[in-house]
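Enquirer: Have a look at the structure that comes next, please.
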Amino acid sequence: MSELSRAATDGSRDASKAIDPRQRAWVEVAPKAIEANAAALKQHLADGSDLMAVVKADGYGHGAITVAKAALNGGATSLGIATLEEGIELRRAGLKAPMLLLGNLTQADELRSCLHWELMPTLSSMREALLCQNLADGSGRRFPVQLKLDTGMSRLGCDWQDGPRLVEAIRHLENLELCGLYSHLACADSDHEGGDASVTALQQRRFQEVLDQLPGHGKGFCRHLANSAGTLLNRTLHHDMVRVGLALYGHSPAKHLDGVISLQPALAVRARVTLIRTIPAGVGVSYGHRFVSQRPTRLAVVGIGYADGVLRSLSGKIHALHGTQRLPQVGAITMDQVLLDATEAPSLEPGSTVTLLGRDGDAEISPQDWSERCGSIPWEILCGFKQRLPRVEV
Ligand SMILES: *Cc1c(COP(=O)(O)O)cnc(C)c1O
């Protein structure tokens with residue numbers, strides 16, 4: 001019996017409470033796929049390099065708690081988050097792994113919460129270092145922090161040339177424990193050659209130059225540089241740890257890195273057909289009538305829209321899977337519904353499930369398929385699925 005029919009026939013359930021998350025539209029997440037991807041990544045790493053699972057933005061839309069647990073089961077040893085709230089959510093869920101906050105905190109209150117919840121802040125300047133030093137004063141413990149170097153991203157971090165001086169200055173702050181030293185790659189997913197002239201190679205040389213100026217080349221600190229693309233591009237980028245997001249979720253960060261290791265997509269977006277109607281030829285469909293039927297057309301209305309993360313800019317450019325059949329999406333995508341041309345799919349009926357993104361058997365629609373059609377990137381597609389879609393573990 002399906003979940004839905006069980007819910008309908010189970011008289012002991014209170015109808016107001018027993019809302020099946022698969023009624024309208026939902027995101028399916030496979031923790032086993034995350035776990036397998038973490039294990040495959042770990043297997044690929046240079047000797048002595050650890051895996052940090054980057055679970056920011058609610059685990060790239062998969063659900064941070066689910067993803068964090070699965071990644072740790074698969075061999076990750078720490079977690080990367082972007083905001084304080086994300087870290088606290090994971091601590092409240094009982095996760096004990098080391099966590100690095102990748103964003104920059106500016107307020108003393110935020111940093112105090114970091115100390116309380118044992119979340120390592122990222123420092124980009126002496127300003128934050130001194131704030132942390134003052135906060136930890138009298139707390140009876142040293143405040144674990146990491147220093148970020150800007151080697152070419154021009155975003156967070158201190159100028160890489162200032163790295164050795166800042167390391168020395170932070171070491172003199174007795175309430176701080178400098179645990180790590182890191183930088184972030186700007187072009188690892190677009191540097192096709194990855195040769196000596198690439199931005200990635202330049203960033204690697206700058207990072208190494210800083211390390212070489214430290215006692216023992218910075219041994220004793222956790223030194224890390226690579227994101228997913230860097231991890232798959234070149235083992236010399238692995239250092240003591242890699243910080244992997246996209247690949248953990250089963251997606252390659254760039255065409256030229258496809259197949260470096262075998263990855264399993266961990267997410268699928270599914271929705272139900274809510275209505276089937278047949279319209280004659282020559283009828284305009286949805287807002288703006290940007291689709292006009294060329295033949296008598298069997299239209300399927302599906303209960304998912306841009307308020308769920310199906311971007312309106314994909315209107316008329318995507319398909320939905322019904323088994324292995326690909327049904328064209330037609331007309332403007334609306335807030336709560338999309339329309340499919342189901343003329344070739346007579347078995348589709350109200351209540352049928354279609355797959356907007358992800359796998360159905362051997363067929364697959366990937367976040368890359370979407371992002372190429374709307375000028376986005378897979379990262380943005382994945383973290384764009386809204387809270388309105390329940391996350392269902394499978
Ligand atoms: C988000 C992020 C990552 C993970 O990037 P992916 O490309 O998804 O692997 C790594 N490091 C930092 C600093 C990040 O902000």
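Ligands are numbered from 1 in the order shown, chains are lettered A, B, ... in the order of the structure tokens, and residues start at 1 in each chain.
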Return as JSON, numbers by chain the residues of protein, DNA or RNA that approach ligand 1 to within 8 Å, with only C-alpha atoms and all ligand atoms taken into account.
Expert: {"A": [54, 56, 80, 82, 102, 103, 183, 184, 225, 226, 227, 228, 229, 242, 243, 244, 245, 246, 247, 248, 253, 379]}
Enquirer: As a PyMOL selection string, please: all residues of stretch 180-366 of chain A that backbone DSSP puts in strand (DSSP E).
Expert: chain A and resi 180-182+222-224+241-244+267-279+284-285+291-292+297-302+319-322+325-330+338-341+353-360+363-365
Enquirer: Calculated over only C-alpha atoms, which of the candidates A:Lys148, A:His251, A:Arg326, A:Arg206 has the smallest distance to A:Pro378?
Expert: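 Checking each of A:Lys148, A:His251, A:Arg326, A:Arg206 against A:Pro378, counting only C-alpha atoms, the winner is A:His251.
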Enquirer: May I ask for the distance between atom CA of A:Ala38 and atom CA of A:Ser78, given in Å to one decimal place?
Expert: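 Separation of atom CA of A:Ala38 and atom CA of A:Ser78: 11.7 Å.
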Enquirer: For the atom pair atom CA of A:Leu105 and atom CA of A:Ile81, what is the interatomic distance in Å to one decimal place?
Expert: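 Separation between atom CA of A:Leu105 and atom CA of A:Ile81: 12.4 Å.
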Enquirer: For A:Ala64, find every residue with an atom within 9 Å (counting only C-alpha atoms), except residues of its own chain fewer than 5 positions away, and show them as a PyMOL selection string.
Expert: chain A and resi 55-59+69+86+89-90
Enquirer: Can you pull out the residues contacting A:Glu35? Cut-off 12 Å, using only C-alpha atoms, and skip same-chain residues under 4 positions away; I want them as a PyMOL selection string.
Expert: chain A and resi 29-31+39-42+53+66-76+247-250+263-266
